[in-house]
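Asker: Take a look at data-v3.tsv, TSV, N, CA and C atoms:
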chain	number	residue	atom	x	y	z
Z	195	VAL	N	12.26	-99.82	-25.25
Z	195	VAL	CA	11.81	-98.43	-25.26
Z	195	VAL	C	11.47	-98.03	-23.83
Z	196	GLN	N	11.99	-96.89	-23.44
Z	196	GLN	CA	11.68	-96.35	-22.11
Z	196	GLN	C	10.85	-95.08	-22.30
Z	197	LEU	N	9.89	-94.89	-21.42
Z	197	LEU	CA	8.98	-93.75	-21.51
Z	197	LEU	C	8.97	-93.00	-20.19
Z	198	GLN	N	9.01	-91.68	-20.28
Z	198	GLN	CA	9.00	-90.83	-19.09
Z	198	GLN	C	7.95	-89.75	-19.29
Z	199	ALA	N	6.90	-89.84	-18.51
Z	199	ALA	CA	5.81	-88.86	-18.61
Z	199	ALA	C	6.07	-87.68	-17.70
Z	200	SER	N	5.55	-86.53	-18.10
Z	200	SER	CA	5.64	-85.32	-17.28
Z	200	SER	C	4.41	-84.46	-17.51
Z	201	GLY	N	4.25	-83.47	-16.67
Z	201	GLY	CA	3.06	-82.64	-16.72
Z	201	GLY	C	2.05	-83.16	-15.73
Z	202	GLY	N	0.83	-82.78	-15.89
Z	202	GLY	CA	-0.19	-83.19	-14.94
Z	202	GLY	C	-0.26	-82.23	-13.77
Z	203	GLY	N	-1.20	-82.49	-12.89
Z	203	GLY	CA	-1.39	-81.63	-11.72
Z	203	GLY	C	-2.86	-81.30	-11.53
Z	204	LEU	N	-3.09	-80.18	-10.89
Z	204	LEU	CA	-4.45	-79.75	-10.57
Z	204	LEU	C	-4.86	-78.60	-11.48
Z	205	VAL	N	-6.05	-78.67	-12.04
Z	205	VAL	CA	-6.56	-77.62	-12.91
Z	205	VAL	C	-8.05	-77.45	-12.65
Z	206	GLN	N	-8.54	-76.23	-12.82
Z	206	GLN	CA	-9.96	-75.98	-12.61
Z	206	GLN	C	-10.77	-76.44	-13.81
Z	207	PRO	N	-12.03	-76.76	-13.60
Z	207	PRO	CA	-12.89	-77.12	-14.73
Z	207	PRO	C	-12.88	-76.02	-15.79
Z	208	GLY	N	-12.81	-76.46	-17.03
Z	208	GLY	CA	-12.72	-75.52	-18.15
Z	208	GLY	C	-11.31	-75.11	-18.50
Z	209	GLY	N	-10.37	-75.50	-17.68
Z	209	GLY	CA	-8.98	-75.13	-17.92
Z	209	GLY	C	-8.29	-76.05	-18.90
Z	210	SER	N	-7.00	-75.78	-19.09
Z	210	SER	CA	-6.19	-76.55	-20.04
Z	210	SER	C	-4.95	-77.08	-19.35
Z	211	MET	N	-4.44	-78.14	-19.92
Z	211	MET	CA	-3.21	-78.74	-19.39
Z	211	MET	C	-2.59	-79.57	-20.51
Z	212	ARG	N	-1.27	-79.66	-20.48
Z	212	ARG	CA	-0.57	-80.51	-21.44
Z	212	ARG	C	0.29	-81.52	-20.69
Z	213	VAL	N	0.18	-82.76	-21.08
Z	213	VAL	CA	1.07	-83.79	-20.57
Z	213	VAL	C	1.99	-84.23	-21.70
Z	214	SER	N	3.20	-84.58	-21.34
Z	214	SER	CA	4.22	-84.94	-22.32
Z	214	SER	C	4.82	-86.28	-21.95
Z	215	CYS	N	5.38	-86.93	-22.94
Z	215	CYS	CA	6.04	-88.20	-22.71
Z	215	CYS	C	7.28	-88.27	-23.59
Z	216	ALA	N	8.41	-88.55	-22.98
Z	216	ALA	CA	9.67	-88.67	-23.71
Z	216	ALA	C	10.02	-90.14	-23.87
Z	217	ALA	N	10.30	-90.53	-25.10
Z	217	ALA	CA	10.66	-91.91	-25.40
Z	217	ALA	C	12.15	-92.00	-25.68
Z	218	SER	N	12.77	-93.07	-25.25
Z	218	SER	CA	14.19	-93.30	-25.52
Z	218	SER	C	14.39	-94.79	-25.78
Z	219	GLY	N	15.56	-95.11	-26.28
Z	219	GLY	CA	15.84	-96.51	-26.60
Z	219	GLY	C	15.56	-96.77	-28.07
Z	220	SER	N	14.92	-97.87	-28.36
Z	220	SER	CA	14.68	-98.30	-29.76
Z	220	SER	C	13.48	-97.59	-30.37
Z	221	ILE	N	13.54	-96.27	-30.40
Z	221	ILE	CA	12.38	-95.50	-30.88
Z	221	ILE	C	12.15	-95.68	-32.37
Z	222	PHE	N	13.16	-96.17	-33.10
Z	222	PHE	CA	12.98	-96.40	-34.53
Z	222	PHE	C	11.88	-97.42	-34.79
Z	223	SER	N	11.61	-98.27	-33.80
Z	223	SER	CA	10.63	-99.34	-33.98
Z	223	SER	C	9.20	-98.92	-33.65
Z	224	ILE	N	9.03	-97.69	-33.18
Z	224	ILE	CA	7.69	-97.24	-32.77
Z	224	ILE	C	6.83	-96.99	-34.00
Z	225	ASN	N	5.61	-97.50	-34.01
Z	225	ASN	CA	4.69	-97.18	-35.09
Z	225	ASN	C	3.41	-96.50	-34.61
Z	226	ALA	N	3.23	-96.40	-33.31
Z	226	ALA	CA	2.07	-95.69	-32.76
Z	226	ALA	C	2.41	-95.21	-31.36
Z	227	MET	N	1.90	-94.05	-31.01
Z	227	MET	CA	2.10	-93.47	-29.69
Z	227	MET	C	0.75	-93.03	-29.17
Z	228	GLY	N	0.52	-93.17	-27.89
Z	228	GLY	CA	-0.80	-92.83	-27.40
Z	228	GLY	C	-0.84	-92.56	-25.92
Z	229	TRP	N	-2.04	-92.22	-25.48
Z	229	TRP	CA	-2.30	-91.94	-24.08
Z	229	TRP	C	-3.51	-92.74	-23.62
Z	230	TYR	N	-3.39	-93.34	-22.47
Z	230	TYR	CA	-4.49	-93.99	-21.79
Z	230	TYR	C	-4.73	-93.24	-20.48
Z	231	ARG	N	-5.87	-93.51	-19.87
Z	231	ARG	CA	-6.12	-92.96	-18.54
Z	231	ARG	C	-6.90	-93.96	-17.71
Z	232	GLN	N	-6.73	-93.83	-16.41
Z	232	GLN	CA	-7.45	-94.70	-15.48
Z	232	GLN	C	-7.93	-93.88	-14.31
Z	233	ALA	N	-9.23	-93.81	-14.16
Z	233	ALA	CA	-9.84	-93.12	-13.04
Z	233	ALA	C	-10.05	-94.11	-11.90
Z	234	PRO	N	-10.16	-93.64	-10.68
Z	234	PRO	CA	-10.36	-94.53	-9.54
Z	234	PRO	C	-11.57	-95.43	-9.72
Z	235	GLY	N	-11.37	-96.71	-9.54
Z	235	GLY	CA	-12.46	-97.67	-9.63
Z	235	GLY	C	-12.89	-98.00	-11.05
Z	236	LYS	N	-12.15	-97.51	-12.03
Z	236	LYS	CA	-12.52	-97.75	-13.43
Z	236	LYS	C	-11.38	-98.44	-14.16
Z	237	GLN	N	-11.73	-99.04	-15.28
Z	237	GLN	CA	-10.72	-99.67	-16.11
Z	237	GLN	C	-9.93	-98.63	-16.88
Z	238	ARG	N	-8.72	-98.98	-17.23
Z	238	ARG	CA	-7.90	-98.11	-18.05
Z	238	ARG	C	-8.52	-98.01	-19.43
Z	239	GLU	N	-8.60	-96.79	-19.96
Z	239	GLU	CA	-9.19	-96.59	-21.28
Z	239	GLU	C	-8.24	-95.84	-22.19
Z	240	LEU	N	-8.35	-96.16	-23.47
Z	240	LEU	CA	-7.56	-95.48	-24.48
Z	240	LEU	C	-8.15	-94.10	-24.72
Z	241	VAL	N	-7.33	-93.07	-24.64
Z	241	VAL	CA	-7.78	-91.70	-24.85
Z	241	VAL	C	-7.50	-91.25	-26.28
Z	242	ALA	N	-6.28	-91.44	-26.73
Z	242	ALA	CA	-5.90	-90.98	-28.06
Z	242	ALA	C	-4.68	-91.75	-28.55
Z	243	THR	N	-4.61	-91.90	-29.86
Z	243	THR	CA	-3.48	-92.56	-30.50
Z	243	THR	C	-3.06	-91.75	-31.71
Z	244	ILE	N	-1.76	-91.68	-31.95
Z	244	ILE	CA	-1.26	-91.06	-33.17
Z	244	ILE	C	-0.27	-92.02	-33.82
Z	245	TYR	N	-0.40	-92.17	-35.14
Z	245	TYR	CA	0.42	-93.12	-35.88
Z	245	TYR	C	1.56	-92.38	-36.59
Z	246	ASN	N	2.50	-93.16	-37.12
Z	246	ASN	CA	3.66	-92.55	-37.76
Z	246	ASN	C	3.27	-91.61	-38.90
Z	247	ASN	N	2.18	-91.91	-39.57
Z	247	ASN	CA	1.76	-91.06	-40.69
Z	247	ASN	C	1.00	-89.82	-40.24
Z	248	GLY	N	0.85	-89.67	-38.93
Z	248	GLY	CA	0.18	-88.49	-38.39
Z	248	GLY	C	-1.30	-88.67	-38.13
Z	249	TYR	N	-1.86	-89.77	-38.58
Z	249	TYR	CA	-3.28	-90.01	-38.33
Z	249	TYR	C	-3.50	-90.19	-36.83
Z	250	ALA	N	-4.56	-89.58	-36.33
Z	250	ALA	CA	-4.87	-89.66	-34.90
Z	250	ALA	C	-6.33	-90.03	-34.70
Z	251	ASN	N	-6.59	-90.73	-33.63
Z	251	ASN	CA	-7.97	-90.98	-33.25
Z	251	ASN	C	-8.14	-90.80	-31.76
Z	252	TYR	N	-9.39	-90.57	-31.36
Z	252	TYR	CA	-9.71	-90.19	-29.99
Z	252	TYR	C	-10.94	-90.95	-29.50
Z	253	VAL	N	-10.99	-91.16	-28.21
Z	253	VAL	CA	-12.23	-91.66	-27.61
Z	253	VAL	C	-13.27	-90.56	-27.73
Z	254	ASP	N	-14.52	-90.94	-27.90
Z	254	ASP	CA	-15.57	-89.96	-28.16
Z	254	ASP	C	-15.65	-88.87	-27.09
Z	255	SER	N	-15.41	-89.22	-25.85
Z	255	SER	CA	-15.59	-88.27	-24.76
Z	255	SER	C	-14.61	-87.10	-24.78
Z	256	VAL	N	-13.53	-87.20	-25.56
Z	256	VAL	CA	-12.54	-86.11	-25.59
Z	256	VAL	C	-12.45	-85.45	-26.96
Z	257	LYS	N	-13.18	-85.95	-27.93
Z	257	LYS	CA	-13.11	-85.36	-29.27
Z	257	LYS	C	-13.49	-83.89	-29.23
Z	258	GLY	N	-12.69	-83.08	-29.90
Z	258	GLY	CA	-12.93	-81.65	-29.94
Z	258	GLY	C	-12.32	-80.90	-28.77
Z	259	ARG	N	-11.85	-81.62	-27.77
Z	259	ARG	CA	-11.24	-80.97	-26.60
Z	259	ARG	C	-9.76	-81.31	-26.45
Z	260	PHE	N	-9.39	-82.53	-26.79
Z	260	PHE	CA	-8.00	-82.98	-26.63
Z	260	PHE	C	-7.33	-83.06	-27.99
Z	261	ASN	N	-6.03	-82.84	-28.00
Z	261	ASN	CA	-5.25	-82.97	-29.23
Z	261	ASN	C	-3.96	-83.72	-28.94
Z	262	ILE	N	-3.70	-84.79	-29.68
Z	262	ILE	CA	-2.46	-85.54	-29.51
Z	262	ILE	C	-1.51	-85.14	-30.64
Z	263	SER	N	-0.25	-85.02	-30.30
Z	263	SER	CA	0.76	-84.68	-31.31
Z	263	SER	C	2.07	-85.36	-30.93
Z	264	LYS	N	2.98	-85.37	-31.88
Z	264	LYS	CA	4.29	-85.98	-31.64
Z	264	LYS	C	5.32	-85.22	-32.44
Z	265	ASN	N	6.56	-85.42	-32.12
Z	265	ASN	CA	7.61	-84.83	-32.96
Z	265	ASN	C	8.02	-85.85	-34.01
Z	266	ASN	N	8.69	-85.37	-35.03
Z	266	ASN	CA	9.02	-86.25	-36.15
Z	266	ASN	C	10.00	-87.35	-35.76
Z	267	ALA	N	10.76	-87.10	-34.73
Z	267	ALA	CA	11.75	-88.09	-34.30
Z	267	ALA	C	11.12	-89.23	-33.49
Z	268	LYS	N	9.81	-89.12	-33.23
Z	268	LYS	CA	9.09	-90.12	-32.44
Z	268	LYS	C	9.64	-90.23	-31.02
Z	269	SER	N	10.29	-89.15	-30.60
Z	269	SER	CA	10.84	-89.22	-29.25
Z	269	SER	C	9.96	-88.55	-28.22
Z	270	ARG	N	8.94	-87.83	-28.68
Z	270	ARG	CA	8.02	-87.18	-27.74
Z	270	ARG	C	6.59	-87.25	-28.26
Z	271	VAL	N	5.70	-87.45	-27.33
Z	271	VAL	CA	4.28	-87.40	-27.65
Z	271	VAL	C	3.61	-86.50	-26.60
Z	272	TYR	N	2.67	-85.71	-27.08
Z	272	TYR	CA	2.02	-84.73	-26.22
Z	272	TYR	C	0.51	-84.95	-26.24
Z	273	LEU	N	-0.12	-84.57	-25.17
Z	273	LEU	CA	-1.59	-84.56	-25.13
Z	273	LEU	C	-2.00	-83.20	-24.58
Z	274	GLN	N	-2.53	-82.36	-25.46
Z	274	GLN	CA	-3.05	-81.07	-25.07
Z	274	GLN	C	-4.52	-81.23	-24.71
Z	275	MET	N	-4.86	-80.88	-23.49
Z	275	MET	CA	-6.22	-81.09	-23.00
Z	275	MET	C	-6.85	-79.73	-22.71
Z	276	ASN	N	-7.93	-79.43	-23.41
Z	276	ASN	CA	-8.66	-78.18	-23.23
Z	276	ASN	C	-10.07	-78.47	-22.76
Z	277	GLY	N	-10.71	-77.47	-22.20
Z	277	GLY	CA	-12.07	-77.66	-21.73
Z	277	GLY	C	-12.20	-78.82	-20.76
Z	278	LEU	N	-11.25	-78.90	-19.83
Z	278	LEU	CA	-11.22	-80.05	-18.93
Z	278	LEU	C	-12.45	-80.10	-18.02
Z	279	LYS	N	-12.88	-81.32	-17.78
Z	279	LYS	CA	-14.05	-81.59	-16.95
Z	279	LYS	C	-13.64	-82.44	-15.76
Z	280	PRO	N	-14.41	-82.41	-14.69
Z	280	PRO	CA	-14.07	-83.27	-13.54
Z	280	PRO	C	-13.96	-84.74	-13.92
Z	281	GLU	N	-14.73	-85.17	-14.89
Z	281	GLU	CA	-14.66	-86.58	-15.30
Z	281	GLU	C	-13.40	-86.93	-16.07
Z	282	ASP	N	-12.59	-85.94	-16.38
Z	282	ASP	CA	-11.28	-86.20	-17.00
Z	282	ASP	C	-10.23	-86.53	-15.95
Z	283	THR	N	-10.59	-86.39	-14.68
Z	283	THR	CA	-9.65	-86.71	-13.61
Z	283	THR	C	-9.25	-88.17	-13.68
Z	284	ALA	N	-7.96	-88.41	-13.74
Z	284	ALA	CA	-7.45	-89.78	-13.88
Z	284	ALA	C	-5.93	-89.75	-13.82
Z	285	VAL	N	-5.36	-90.91	-13.75
Z	285	VAL	CA	-3.93	-91.06	-13.99
Z	285	VAL	C	-3.76	-91.32	-15.48
Z	286	TYR	N	-2.93	-90.52	-16.11
Z	286	TYR	CA	-2.70	-90.62	-17.55
Z	286	TYR	C	-1.38	-91.34	-17.80
Z	287	PHE	N	-1.43	-92.32	-18.71
Z	287	PHE	CA	-0.27	-93.15	-19.03
Z	287	PHE	C	0.07	-93.00	-20.51
Z	288	CYS	N	1.33	-92.80	-20.82
Z	288	CYS	CA	1.71	-92.85	-22.22
Z	288	CYS	C	2.04	-94.29	-22.60
Z	289	ASN	N	1.87	-94.55	-23.87
Z	289	ASN	CA	2.01	-95.91	-24.39
Z	289	ASN	C	2.54	-95.84	-25.81
Z	290	VAL	N	3.44	-96.72	-26.16
Z	290	VAL	CA	3.87	-96.83	-27.54
Z	290	VAL	C	3.77	-98.29	-27.97
Z	291	LYS	N	3.54	-98.47	-29.25
Z	291	LYS	CA	3.50	-99.82	-29.83
Z	291	LYS	C	4.56	-99.87	-30.93
Z	292	THR	N	5.22	-101.00	-31.02
Z	292	THR	CA	6.29	-101.13	-31.99
Z	292	THR	C	5.90	-102.04	-33.14
Z	293	THR	N	6.74	-102.02	-34.16
Z	293	THR	CA	6.51	-102.87	-35.31
Z	293	THR	C	6.68	-104.34	-34.96
Z	294	TYR	N	7.25	-104.61	-33.81
Z	294	TYR	CA	7.42	-105.99	-33.36
Z	294	TYR	C	6.20	-106.48	-32.59
Z	295	GLY	N	5.19	-105.62	-32.47
Z	295	GLY	CA	3.98	-106.01	-31.76
Z	295	GLY	C	4.09	-105.91	-30.25
Z	296	VAL	N	5.07	-105.16	-29.77
Z	296	VAL	CA	5.27	-105.00	-28.33
Z	296	VAL	C	4.79	-103.62	-27.90
Z	297	ALA	N	4.15	-103.55	-26.77
Z	297	ALA	CA	3.68	-102.29	-26.20
Z	297	ALA	C	4.51	-101.94	-24.97
Z	298	TYR	N	4.81	-100.67	-24.83
Z	298	TYR	CA	5.55	-100.17	-23.68
Z	298	TYR	C	4.72	-99.10	-22.97
Z	299	TRP	N	4.90	-99.03	-21.66
Z	299	TRP	CA	4.14	-98.08	-20.85
Z	299	TRP	C	5.07	-97.17	-20.07
Z	300	GLY	N	4.67	-95.92	-19.95
Z	300	GLY	CA	5.35	-95.01	-19.05
Z	300	GLY	C	4.68	-95.04	-17.69
Z	301	GLN	N	5.31	-94.39	-16.75
Z	301	GLN	CA	4.67	-94.27	-15.43
Z	301	GLN	C	3.52	-93.27	-15.56
Z	302	GLY	N	2.54	-93.37	-14.77
Z	302	GLY	CA	1.39	-92.49	-14.88
Z	302	GLY	C	1.65	-91.11	-14.32
Z	303	THR	N	0.86	-90.16	-14.79
Z	303	THR	CA	0.89	-88.81	-14.23
Z	303	THR	C	-0.53	-88.42	-13.88
Z	304	GLN	N	-0.71	-87.90	-12.69
Z	304	GLN	CA	-2.04	-87.58	-12.20
Z	304	GLN	C	-2.54	-86.27	-12.77
Z	305	VAL	N	-3.76	-86.29	-13.29
Z	305	VAL	CA	-4.45	-85.08	-13.72
Z	305	VAL	C	-5.73	-84.98	-12.90
Z	306	THR	N	-5.87	-83.89	-12.17
Z	306	THR	CA	-7.04	-83.69	-11.33
Z	306	THR	C	-7.75	-82.41	-11.76
Z	307	VAL	N	-9.02	-82.54	-12.08
Z	307	VAL	CA	-9.82	-81.39	-12.50
Z	307	VAL	C	-10.83	-81.12	-11.39
Z	308	SER	N	-10.62	-80.01	-10.72
Z	308	SER	CA	-11.46	-79.70	-9.58
Z	308	SER	C	-11.39	-78.22	-9.26
Z	309	SER	N	-12.49	-77.70	-8.74
Z	309	SER	CA	-12.49	-76.31	-8.31
Z	309	SER	C	-12.15	-76.21	-6.82
Is it possible to give me this structure as structure tokens?
Answerer:
Amino acid sequence: VQLQASGGGLVQPGGSMRVSCAASGSIFSINAMGWYRQAPGKQRELVATIYNNGYANYVDSVKGRFNISKNNAKSRVYLQMNGLKPEDTAVYFCNVKTTYGVAYWGQGTQVTVSS
């Protein structure tokens, strides 16, 4: 599975941004799609995950502000980010997990929240 992230950039506090990730290859084997982020000097953290049945979960710090979605073909996953805060600044990585127990990563995309 290959992943290509897009979106990201600079946004003011309180603004919105959407990052996207396109999956290709053996996408039939994907059973979960998600987004992680890594801020400078911090460990990478799981932000949101969405499963094939549509169930999604979020880290507490983004609940009510971020929304993860995917298309039915499992070829794209999106992260809509609203009410952005400076502490959301990080490199965002898309991630998929397969039924074979293998995880794949996309390249990161920088999201900077600053006035």
Asker: Ranking Z:Ser255, Z:Ser214, Z:Ser220, Z:Gln301 by minimum distance to Val195 (chain Z) and counting only C-alpha atoms, which one comes first?
Answerer: Z:Ser220
Asker: Provide the CA of Gln304 (chain Z) to atom N of Tyr245 (chain Z) distance in Å, to one decimal place.
Answerer: 23.5 Å
Asker: Could the residues of region 215-267 of chain Z that have an atom at most 5 Å from region 288-300 of chain Z be listed as JSON lines, each with its closest atom pair and the distance in Å to one decimal, counting all atoms listed in the file and ordered by chain and ascending residue number?
Answerer:
{"residue": "Z:Ser223", "atom": "C", "partner": "Z:Thr293", "partner_atom": "N", "distance": 4.0}
{"residue": "Z:Ile224", "atom": "CA", "partner": "Z:Thr292", "partner_atom": "CA", "distance": 4.2}
{"residue": "Z:Asn225", "atom": "N", "partner": "Z:Lys291", "partner_atom": "C", "distance": 4.0}
{"residue": "Z:Ala226", "atom": "C", "partner": "Z:Lys291", "partner_atom": "N", "distance": 4.0}
{"residue": "Z:Met227", "atom": "CA", "partner": "Z:Val290", "partner_atom": "CA", "distance": 4.4}
{"residue": "Z:Gly228", "atom": "C", "partner": "Z:Asn289", "partner_atom": "N", "distance": 3.9}
{"residue": "Z:Trp229", "atom": "CA", "partner": "Z:Cys288", "partner_atom": "CA", "distance": 4.5}
Asker: For Glu281 (chain Z), which residue among Z:Ser308, Z:Gln198, Z:Thr303, Z:Ser263 is the nearest when counting only N, CA and C atoms?
Answerer: Z:Ser308
Asker: Do a neighbour search on Tyr252 (chain Z) at 6.5 Å with all atoms listed in the file, toss out local chain neighbours closer than 4 positions, and write the hits as a list of chain:residue names.
Answerer: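 Skipping anything fewer than 4 positions along the chain leaves Z:Leu240, Z:Val241, Z:Ala242, Z:Thr243, Z:Val256, Z:Lys257.
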Asker: When DSSP is applied to the backbone of this structure, which of region 213-277 of chain Z are assigned helix (DSSP H, G or I)? Write them out as a list in words.
Answerer: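 Filtering region 213-277 of chain Z to helix (DSSP H, G or I) leaves Ile221, Phe222, Ser223, Asp254, Ser255 and Val256 of chain Z.
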Asker: I need the residue nearest Tyr272 (chain Z) from this list: Z:Ala233, Z:Leu197, Z:Val213, Z:Leu204. Use only N, CA and C atoms for the distance.
Answerer: Z:Val213
